[in-house]
>>> print(open('coords.tsv').read())   # TSV, C-alpha atoms
chain	number	residue	atom	x	y	z
A	162	MET	CA	-1.40	-55.84	133.56
A	163	THR	CA	-2.41	-59.46	133.36
A	164	ARG	CA	-0.73	-62.10	131.29
A	165	LYS	CA	-2.66	-63.37	128.31
A	166	LEU	CA	-3.64	-67.02	128.06
A	167	ILE	CA	-3.19	-68.03	124.42
A	168	SER	CA	-4.41	-71.21	122.75
A	169	LEU	CA	-2.21	-72.52	119.91
A	170	MET	CA	-3.94	-75.32	118.02
A	171	HIS	CA	-3.85	-77.14	114.71
A	172	VAL	CA	-7.42	-77.69	113.54
A	173	SER	CA	-9.04	-79.54	110.65
A	174	LEU	CA	-11.46	-77.68	108.41
A	175	ASP	CA	-14.34	-79.43	110.20
A	176	GLY	CA	-13.18	-78.31	113.65
A	177	PHE	CA	-11.21	-81.27	115.04
A	178	CYS	CA	-7.81	-80.97	116.73
A	179	ALA	CA	-7.15	-84.72	116.88
A	180	GLY	CA	-8.51	-87.81	115.22
A	181	PRO	CA	-10.73	-90.37	116.99
A	182	LYS	CA	-7.70	-92.09	118.56
A	183	GLY	CA	-5.80	-88.87	119.22
A	184	GLU	CA	-3.88	-89.08	115.96
A	185	MET	CA	-2.28	-85.94	114.59
A	186	ASP	CA	-0.71	-87.31	111.40
A	187	TRP	CA	-3.00	-85.05	109.35
A	188	ILE	CA	-1.32	-81.83	110.55
A	189	SER	CA	0.60	-79.99	107.81
A	190	LEU	CA	3.82	-78.43	109.10
A	191	ASN	CA	6.76	-76.84	107.37
A	192	ASP	CA	9.57	-74.43	108.22
A	193	THR	CA	7.46	-71.37	107.38
A	194	ILE	CA	4.70	-72.41	109.80
A	195	PHE	CA	7.28	-73.25	112.46
A	196	ALA	CA	8.87	-69.79	112.01
A	197	ASP	CA	5.43	-68.16	112.28
A	198	VAL	CA	4.74	-69.95	115.57
A	199	GLU	CA	8.18	-68.88	116.83
A	200	THR	CA	6.96	-65.26	116.77
A	201	LEU	CA	4.27	-66.24	119.27
A	202	ILE	CA	6.65	-68.30	121.39
A	203	ALA	CA	9.07	-65.35	121.56
A	204	ARG	CA	6.52	-63.30	123.52
A	205	SER	CA	5.48	-66.19	125.76
A	206	GLY	CA	6.83	-66.60	129.25
A	207	ALA	CA	5.59	-70.12	129.95
A	208	ALA	CA	4.22	-73.25	128.32
A	209	VAL	CA	0.89	-74.67	129.45
A	210	TYR	CA	0.17	-78.38	128.96
A	211	GLY	CA	-2.54	-80.86	129.73
A	212	ARG	CA	-1.47	-84.33	130.89
A	213	THR	CA	-1.33	-85.98	127.44
A	214	THR	CA	0.51	-83.11	125.75
A	215	TYR	CA	2.92	-82.95	128.69
A	216	GLY	CA	3.79	-86.61	128.11
A	217	MET	CA	4.36	-86.05	124.39
A	218	MET	CA	6.53	-82.98	125.00
A	219	ARG	CA	8.47	-84.65	127.84
A	220	GLY	CA	9.18	-87.62	125.59
A	221	TYR	CA	10.39	-85.52	122.67
A	222	TRP	CA	12.00	-82.14	123.40
A	223	PRO	CA	14.67	-83.10	125.98
A	224	LYS	CA	16.04	-85.68	123.51
A	225	VAL	CA	16.41	-83.04	120.79
A	226	LEU	CA	19.04	-81.26	122.91
A	227	THR	CA	21.43	-84.21	122.55
A	228	ARG	CA	20.31	-85.67	119.24
A	229	PRO	CA	22.97	-85.58	116.53
A	230	GLY	CA	21.72	-83.83	113.42
A	231	ALA	CA	18.93	-81.86	115.12
A	232	GLY	CA	18.13	-78.78	113.05
A	233	THR	CA	18.84	-75.25	114.23
A	234	ARG	CA	15.15	-74.34	114.52
A	235	GLU	CA	14.37	-77.54	116.43
A	236	LEU	CA	17.34	-77.03	118.78
A	237	HIS	CA	16.30	-73.42	119.44
A	238	HIS	CA	12.79	-74.52	120.38
A	239	ALA	CA	14.10	-77.37	122.54
A	240	GLN	CA	16.25	-74.87	124.44
A	241	TRP	CA	13.23	-72.60	124.96
A	242	VAL	CA	11.12	-75.53	126.22
A	243	GLU	CA	13.89	-76.65	128.57
A	244	ALA	CA	14.25	-73.19	130.13
A	245	ALA	CA	10.60	-72.12	130.18
A	246	PRO	CA	8.28	-72.75	133.10
A	247	LYS	CA	5.97	-75.61	132.11
A	248	HIS	CA	2.60	-75.32	133.83
A	249	THR	CA	1.10	-78.78	133.61
A	250	PHE	CA	-2.50	-79.44	134.56
A	251	SER	CA	-3.32	-82.98	135.63
A	252	ARG	CA	-5.43	-84.64	138.29
A	253	THR	CA	-3.28	-87.79	138.17
A	254	LEU	CA	0.35	-86.70	137.67
A	255	GLU	CA	2.07	-86.64	141.06
A	256	GLY	CA	5.51	-85.41	140.08
A	257	SER	CA	7.92	-84.72	137.24
A	258	ASP	CA	11.62	-85.18	136.66
A	259	TRP	CA	11.60	-82.55	133.90
A	260	ASN	CA	13.16	-79.15	134.49
A	261	ASN	CA	10.90	-76.30	135.63
A	262	VAL	CA	7.57	-78.17	135.69
A	263	HIS	CA	4.84	-76.74	137.89
A	264	LEU	CA	1.93	-79.14	138.50
A	265	HIS	CA	-1.64	-77.94	138.97
A	266	LYS	CA	-4.62	-80.15	139.81
A	267	ASP	CA	-7.41	-77.67	139.05
A	268	ALA	CA	-7.90	-75.68	135.82
A	269	LYS	CA	-8.97	-72.68	137.91
A	270	ALA	CA	-5.31	-72.27	138.93
A	271	VAL	CA	-4.74	-70.63	135.55
A	272	LEU	CA	-6.67	-67.59	136.80
A	273	ASP	CA	-3.96	-66.98	139.42
A	274	LEU	CA	-1.20	-67.65	136.88
A	275	LYS	CA	-2.63	-64.94	134.64
A	276	GLN	CA	-2.23	-62.44	137.52
A	277	ALA	CA	1.41	-63.40	138.19
A	278	PRO	CA	4.28	-61.46	136.60
A	279	GLY	CA	5.87	-62.76	133.41
A	280	GLY	CA	5.24	-63.24	129.73
A	281	ASP	CA	2.09	-64.66	128.20
A	282	LEU	CA	0.96	-68.23	128.91
A	283	LEU	CA	0.91	-70.40	125.80
A	284	ILE	CA	-1.27	-73.51	125.68
A	285	PHE	CA	0.31	-76.00	123.29
A	286	GLY	CA	-2.49	-78.18	121.92
A	287	SER	CA	-4.01	-79.82	125.00
A	288	PRO	CA	-7.65	-80.00	123.84
A	289	GLY	CA	-9.07	-81.32	127.12
A	290	LEU	CA	-7.39	-78.56	129.09
A	291	THR	CA	-8.44	-76.01	126.48
A	292	HIS	CA	-12.05	-77.14	126.97
A	293	ALA	CA	-11.70	-76.57	130.73
A	294	PHE	CA	-10.22	-73.11	130.15
A	295	LEU	CA	-13.01	-72.28	127.67
A	296	ALA	CA	-15.59	-73.19	130.31
A	297	LEU	CA	-13.85	-70.69	132.62
A	298	ASP	CA	-13.78	-68.07	129.84
A	299	ALA	CA	-10.05	-67.77	130.59
A	300	ILE	CA	-8.55	-67.82	127.07
A	301	ASP	CA	-7.68	-64.36	125.76
A	302	GLU	CA	-6.29	-65.16	122.34
A	303	PHE	CA	-6.46	-67.95	119.77
A	304	TRP	CA	-3.82	-68.94	117.21
A	305	ILE	CA	-5.52	-71.46	114.98
A	306	ASN	CA	-3.66	-73.22	112.19
A	307	LEU	CA	-6.52	-74.33	109.96
A	308	ASN	CA	-5.43	-77.42	108.01
A	309	PRO	CA	-6.88	-78.34	104.61
A	310	VAL	CA	-8.33	-81.68	105.68
A	311	LEU	CA	-11.71	-83.04	106.82
A	312	LEU	CA	-11.50	-85.63	109.61
A	313	GLY	CA	-15.20	-86.36	110.05
A	314	GLN	CA	-14.73	-87.32	113.68
A	315	GLY	CA	-12.30	-86.93	116.55
A	316	VAL	CA	-11.64	-84.45	119.33
A	317	ARG	CA	-13.36	-81.11	118.77
A	318	TYR	CA	-11.34	-77.96	119.42
A	319	LEU	CA	-13.93	-75.56	120.78
A	320	ASP	CA	-16.15	-77.77	122.93
A	321	ASP	CA	-17.47	-76.14	126.11
A	322	ALA	CA	-16.90	-72.60	124.84
A	323	VAL	CA	-18.95	-69.79	126.27
A	324	LYS	CA	-20.37	-67.21	123.89
A	325	THR	CA	-17.50	-64.77	123.32
A	326	LYS	CA	-17.06	-61.97	120.81
A	327	LEU	CA	-13.74	-62.40	118.97
A	328	THR	CA	-11.86	-60.04	116.69
A	329	LEU	CA	-9.60	-61.21	113.90
A	330	VAL	CA	-6.24	-59.47	114.40
A	331	GLY	CA	-4.09	-61.49	112.04
A	332	GLN	CA	-4.09	-64.15	109.38
A	333	ARG	CA	-1.55	-65.78	107.15
A	334	ALA	CA	-1.89	-68.26	104.31
A	335	PHE	CA	0.91	-70.78	103.84
A	336	ASP	CA	1.90	-72.48	100.59
A	337	ASN	CA	0.80	-75.91	101.89
A	338	GLY	CA	-2.83	-74.75	102.26
A	339	VAL	CA	-2.73	-74.06	106.00
A	340	ILE	CA	-4.18	-70.73	107.11
A	341	ARG	CA	-3.26	-69.23	110.49
A	342	LEU	CA	-6.07	-67.25	112.08
A	343	ASN	CA	-5.34	-65.07	115.12
A	344	TYR	CA	-8.31	-63.90	117.22
A	345	VAL	CA	-8.48	-61.92	120.45
A	346	LYS	CA	-11.38	-61.55	122.86
A	347	GLY	CA	-13.54	-58.49	122.62
A	348	HIS	CA	-13.40	-55.39	120.46
>>> encode(input="coords.tsv", output="structure tokens")
Amino acid sequence: MTRKLISLMHVSLDGFCAGPKGEMDWISLNDTIFADVETLIARSGAAVYGRTTYGMMRGYWPKVLTRPGAGTRELHHAQWVEAAPKHTFSRTLEGSDWNNVHLHKDAKAVLDLKQAPGGDLLIFGSPGLTHAFLALDAIDEFWINLNPVLLGQGVRYLDDAVKTKLTLVGQRAFDNGVIRLNYVKGH
């Protein structure tokens, strides 16, 4: 059985996952959404990052482990991130001082990772990497948090996708207007 490659992304109603300068201040988060995402993380065996997302995660999550006043949910996730294998795809990153980071230069390496033993592979954001995986038709499942905002421009989520039949297998509406859509390939 192969591991699934799952894309987790926050998306604006008009299909953007970041603003024109990479800004993400439009994303609506709350404890209920965080708890919903935790159900996905619980079945995941590894994080998958592009170079930019790796830098954001590296700069944030290790500090949570020692930050006074960090919330229980945030600490729990920081512990998961610290322990989990972190498959980072970058043509420029030469090394990492972060625990359990595995560097890959070519997006095609994900095809071998999917055949390796372990839990599912979860892509956190990483739109550029997601585009590369879409071009390879490698993504098996999509968790899309659709945010009630129009950006008008920015980084599109589903650029370079190949025509793929998807089946809606789950959805959840949150009280802040976000709707989580969960699609799998096929059916």
>>> residues_near_point(input="coords.tsv", point="(-0.4, -76.7, 124.5)", cutoff="6 Å", atoms="all atoms listed in the file", output="CSV table (one decimal) with C-alpha atoms, in the coordinates of the input")
chain,number,residue,atom,x,y,z
A,209,VAL,CA,0.9,-74.7,129.4
A,210,TYR,CA,0.2,-78.4,129.0
A,284,ILE,CA,-1.3,-73.5,125.7
A,285,PHE,CA,0.3,-76.0,123.3
A,286,GLY,CA,-2.5,-78.2,121.9
A,287,SER,CA,-4.0,-79.8,125.0
>>> residues_near_point(input="coords.tsv", point="(1.9, -62.7, 128.0)", cutoff="8 Å", atoms="all atoms listed in the file", output="number ranges by chain")
A: 163-166, 204-206, 279-282
>>> atom_distance(input="coords.tsv", atom1="CA of Leu174 (chain A)", atom2="CA of Leu311 (chain A)")
5.6 Å
>>> closest_residue(input="coords.tsv", among="A:Glu199, A:Asp320, A:Asp301, A:Asp273", to="Tyr344 (chain A)", atoms="all atoms listed in the file")
A:Asp301
>>> atom_distance(input="coords.tsv", atom1="CA of Trp222 (chain A)", atom2="CA of Leu169 (chain A)")
17.5 Å
>>> residues_around(input="coords.tsv", residues="Pro246 (chain A)", least_positions_apart="5", cutoff="7 Å", atoms="only C-alpha atoms", output="PyMOL selection string")
chain A and resi 207-208+261-262
>>> residues_around(input="coords.tsv", residues="Asn306 (chain A)", least_positions_apart="6", cutoff="10 Å", atoms="all atoms listed in the file", output="mmCIF file with C-alpha atoms, in the frame of the given file")
data_model
loop_
_atom_site.group_PDB
_atom_site.id
_atom_site.type_symbol
_atom_site.label_atom_id
_atom_site.label_comp_id
_atom_site.auth_asym_id
_atom_site.auth_seq_id
_atom_site.Cartn_x
_atom_site.Cartn_y
_atom_site.Cartn_z
ATOM 1 C CA LEU A 169 -2.210 -72.520 119.910
ATOM 2 C CA MET A 170 -3.940 -75.320 118.020
ATOM 3 C CA HIS A 171 -3.850 -77.140 114.710
ATOM 4 C CA VAL A 172 -7.420 -77.690 113.540
ATOM 5 C CA SER A 173 -9.040 -79.540 110.650
ATOM 6 C CA LEU A 174 -11.460 -77.680 108.410
ATOM 7 C CA CYS A 178 -7.810 -80.970 116.730
ATOM 8 C CA ILE A 188 -1.320 -81.830 110.550
ATOM 9 C CA SER A 189 0.600 -79.990 107.810
ATOM 10 C CA LEU A 190 3.820 -78.430 109.100
ATOM 11 C CA ILE A 194 4.700 -72.410 109.800
ATOM 12 C CA VAL A 198 4.740 -69.950 115.570
ATOM 13 C CA GLN A 332 -4.090 -64.150 109.380
ATOM 14 C CA ARG A 333 -1.550 -65.780 107.150
ATOM 15 C CA ALA A 334 -1.890 -68.260 104.310
ATOM 16 C CA PHE A 335 0.910 -70.780 103.840
ATOM 17 C CA VAL A 339 -2.730 -74.060 106.000
ATOM 18 C CA ILE A 340 -4.180 -70.730 107.110
ATOM 19 C CA ARG A 341 -3.260 -69.230 110.490
ATOM 20 C CA LEU A 342 -6.070 -67.250 112.080
ATOM 21 C CA ASN A 343 -5.340 -65.070 115.120
#
>>> decode(input="coords.tsv", residues="region 228-256 of chain A", atoms="N, CA and C atoms", output="PDB file, in the first residue's frame")
ATOM      1  N   ARG A 228       8.694  28.486  24.557  1.00  0.00           N
ATOM      2  CA  ARG A 228       8.049  29.782  24.784  1.00  0.00           C
ATOM      3  C   ARG A 228       7.104  29.720  25.985  1.00  0.00           C
ATOM      4  N   PRO A 229       7.332  30.567  26.985  1.00  0.00           N
ATOM      5  CA  PRO A 229       6.402  30.617  28.109  1.00  0.00           C
ATOM      6  C   PRO A 229       5.012  31.032  27.620  1.00  0.00           C
ATOM      7  N   GLY A 230       4.008  30.373  28.136  1.00  0.00           N
ATOM      8  CA  GLY A 230       2.639  30.730  27.788  1.00  0.00           C
ATOM      9  C   GLY A 230       2.120  30.124  26.493  1.00  0.00           C
ATOM     10  N   ALA A 231       2.891  29.249  25.861  1.00  0.00           N
ATOM     11  CA  ALA A 231       2.402  28.590  24.644  1.00  0.00           C
ATOM     12  C   ALA A 231       1.200  27.730  25.021  1.00  0.00           C
ATOM     13  N   GLY A 232       0.173  27.761  24.198  1.00  0.00           N
ATOM     14  CA  GLY A 232      -1.037  26.992  24.469  1.00  0.00           C
ATOM     15  C   GLY A 232      -0.825  25.502  24.292  1.00  0.00           C
ATOM     16  N   THR A 233      -1.710  24.726  24.890  1.00  0.00           N
ATOM     17  CA  THR A 233      -1.605  23.266  24.827  1.00  0.00           C
ATOM     18  C   THR A 233      -1.647  22.766  23.386  1.00  0.00           C
ATOM     19  N   ARG A 234      -2.588  23.275  22.604  1.00  0.00           N
ATOM     20  CA  ARG A 234      -2.727  22.833  21.210  1.00  0.00           C
ATOM     21  C   ARG A 234      -1.470  23.190  20.407  1.00  0.00           C
ATOM     22  N   GLU A 235      -0.953  24.393  20.617  1.00  0.00           N
ATOM     23  CA  GLU A 235       0.242  24.831  19.909  1.00  0.00           C
ATOM     24  C   GLU A 235       1.456  23.988  20.318  1.00  0.00           C
ATOM     25  N   LEU A 236       1.592  23.707  21.608  1.00  0.00           N
ATOM     26  CA  LEU A 236       2.694  22.870  22.090  1.00  0.00           C
ATOM     27  C   LEU A 236       2.608  21.455  21.506  1.00  0.00           C
ATOM     28  N   HIS A 237       1.408  20.904  21.474  1.00  0.00           N
ATOM     29  CA  HIS A 237       1.216  19.561  20.924  1.00  0.00           C
ATOM     30  C   HIS A 237       1.668  19.516  19.463  1.00  0.00           C
ATOM     31  N   HIS A 238       1.271  20.536  18.687  1.00  0.00           N
ATOM     32  CA  HIS A 238       1.675  20.553  17.284  1.00  0.00           C
ATOM     33  C   HIS A 238       3.183  20.750  17.149  1.00  0.00           C
ATOM     34  N   ALA A 239       3.748  21.618  17.970  1.00  0.00           N
ATOM     35  CA  ALA A 239       5.200  21.845  17.924  1.00  0.00           C
ATOM     36  C   ALA A 239       5.959  20.554  18.217  1.00  0.00           C
ATOM     37  N   GLN A 240       5.457  19.754  19.132  1.00  0.00           N
ATOM     38  CA  GLN A 240       6.092  18.470  19.450  1.00  0.00           C
ATOM     39  C   GLN A 240       5.981  17.511  18.264  1.00  0.00           C
ATOM     40  N   TRP A 241       4.820  17.506  17.594  1.00  0.00           N
ATOM     41  CA  TRP A 241       4.666  16.660  16.415  1.00  0.00           C
ATOM     42  C   TRP A 241       5.653  17.091  15.331  1.00  0.00           C
ATOM     43  N   VAL A 242       5.727  18.390  15.067  1.00  0.00           N
ATOM     44  CA  VAL A 242       6.626  18.907  14.028  1.00  0.00           C
ATOM     45  C   VAL A 242       8.073  18.553  14.363  1.00  0.00           C
ATOM     46  N   GLU A 243       8.452  18.687  15.612  1.00  0.00           N
ATOM     47  CA  GLU A 243       9.832  18.399  16.012  1.00  0.00           C
ATOM     48  C   GLU A 243      10.184  16.929  15.764  1.00  0.00           C
ATOM     49  N   ALA A 244       9.248  16.033  16.049  1.00  0.00           N
ATOM     50  CA  ALA A 244       9.524  14.600  15.928  1.00  0.00           C
ATOM     51  C   ALA A 244       9.355  14.070  14.502  1.00  0.00           C
ATOM     52  N   ALA A 245       8.471  14.671  13.740  1.00  0.00           N
ATOM     53  CA  ALA A 245       8.131  14.141  12.418  1.00  0.00           C
ATOM     54  C   ALA A 245       9.269  14.325  11.412  1.00  0.00           C
ATOM     55  N   PRO A 246       9.408  13.376  10.486  1.00  0.00           N
ATOM     56  CA  PRO A 246      10.305  13.630   9.360  1.00  0.00           C
ATOM     57  C   PRO A 246       9.778  14.834   8.571  1.00  0.00           C
ATOM     58  N   LYS A 247      10.679  15.696   8.167  1.00  0.00           N
ATOM     59  CA  LYS A 247      10.317  16.908   7.421  1.00  0.00           C
ATOM     60  C   LYS A 247      10.996  16.833   6.057  1.00  0.00           C
ATOM     61  N   HIS A 248      10.243  16.418   5.061  1.00  0.00           N
ATOM     62  CA  HIS A 248      10.775  16.304   3.702  1.00  0.00           C
ATOM     63  C   HIS A 248      10.680  17.679   3.058  1.00  0.00           C
ATOM     64  N   THR A 249      11.831  18.261   2.814  1.00  0.00           N
ATOM     65  CA  THR A 249      11.912  19.629   2.314  1.00  0.00           C
ATOM     66  C   THR A 249      12.487  19.602   0.906  1.00  0.00           C
ATOM     67  N   PHE A 250      11.740  20.225  -0.003  1.00  0.00           N
ATOM     68  CA  PHE A 250      12.131  20.250  -1.410  1.00  0.00           C
ATOM     69  C   PHE A 250      12.666  21.634  -1.760  1.00  0.00           C
ATOM     70  N   SER A 251      13.930  21.669  -2.168  1.00  0.00           N
ATOM     71  CA  SER A 251      14.563  22.938  -2.515  1.00  0.00           C
ATOM     72  C   SER A 251      15.752  22.675  -3.423  1.00  0.00           C
ATOM     73  N   ARG A 252      15.900  23.524  -4.430  1.00  0.00           N
ATOM     74  CA  ARG A 252      17.073  23.419  -5.296  1.00  0.00           C
ATOM     75  C   ARG A 252      18.246  24.203  -4.726  1.00  0.00           C
ATOM     76  N   THR A 253      17.996  25.051  -3.718  1.00  0.00           N
ATOM     77  CA  THR A 253      19.049  25.926  -3.203  1.00  0.00           C
ATOM     78  C   THR A 253      19.492  25.611  -1.781  1.00  0.00           C
ATOM     79  N   LEU A 254      18.649  25.014  -0.973  1.00  0.00           N
ATOM     80  CA  LEU A 254      18.998  24.720   0.417  1.00  0.00           C
ATOM     81  C   LEU A 254      20.016  23.588   0.449  1.00  0.00           C
ATOM     82  N   GLU A 255      21.148  23.828   1.087  1.00  0.00           N
ATOM     83  CA  GLU A 255      22.227  22.840   1.108  1.00  0.00           C
ATOM     84  C   GLU A 255      22.259  22.001   2.376  1.00  0.00           C
ATOM     85  N   GLY A 256      21.645  22.485   3.440  1.00  0.00           N
ATOM     86  CA  GLY A 256      21.660  21.753   4.696  1.00  0.00           C
ATOM     87  C   GLY A 256      20.653  22.350   5.656  1.00  0.00           C
TER      88      GLY A 256
END
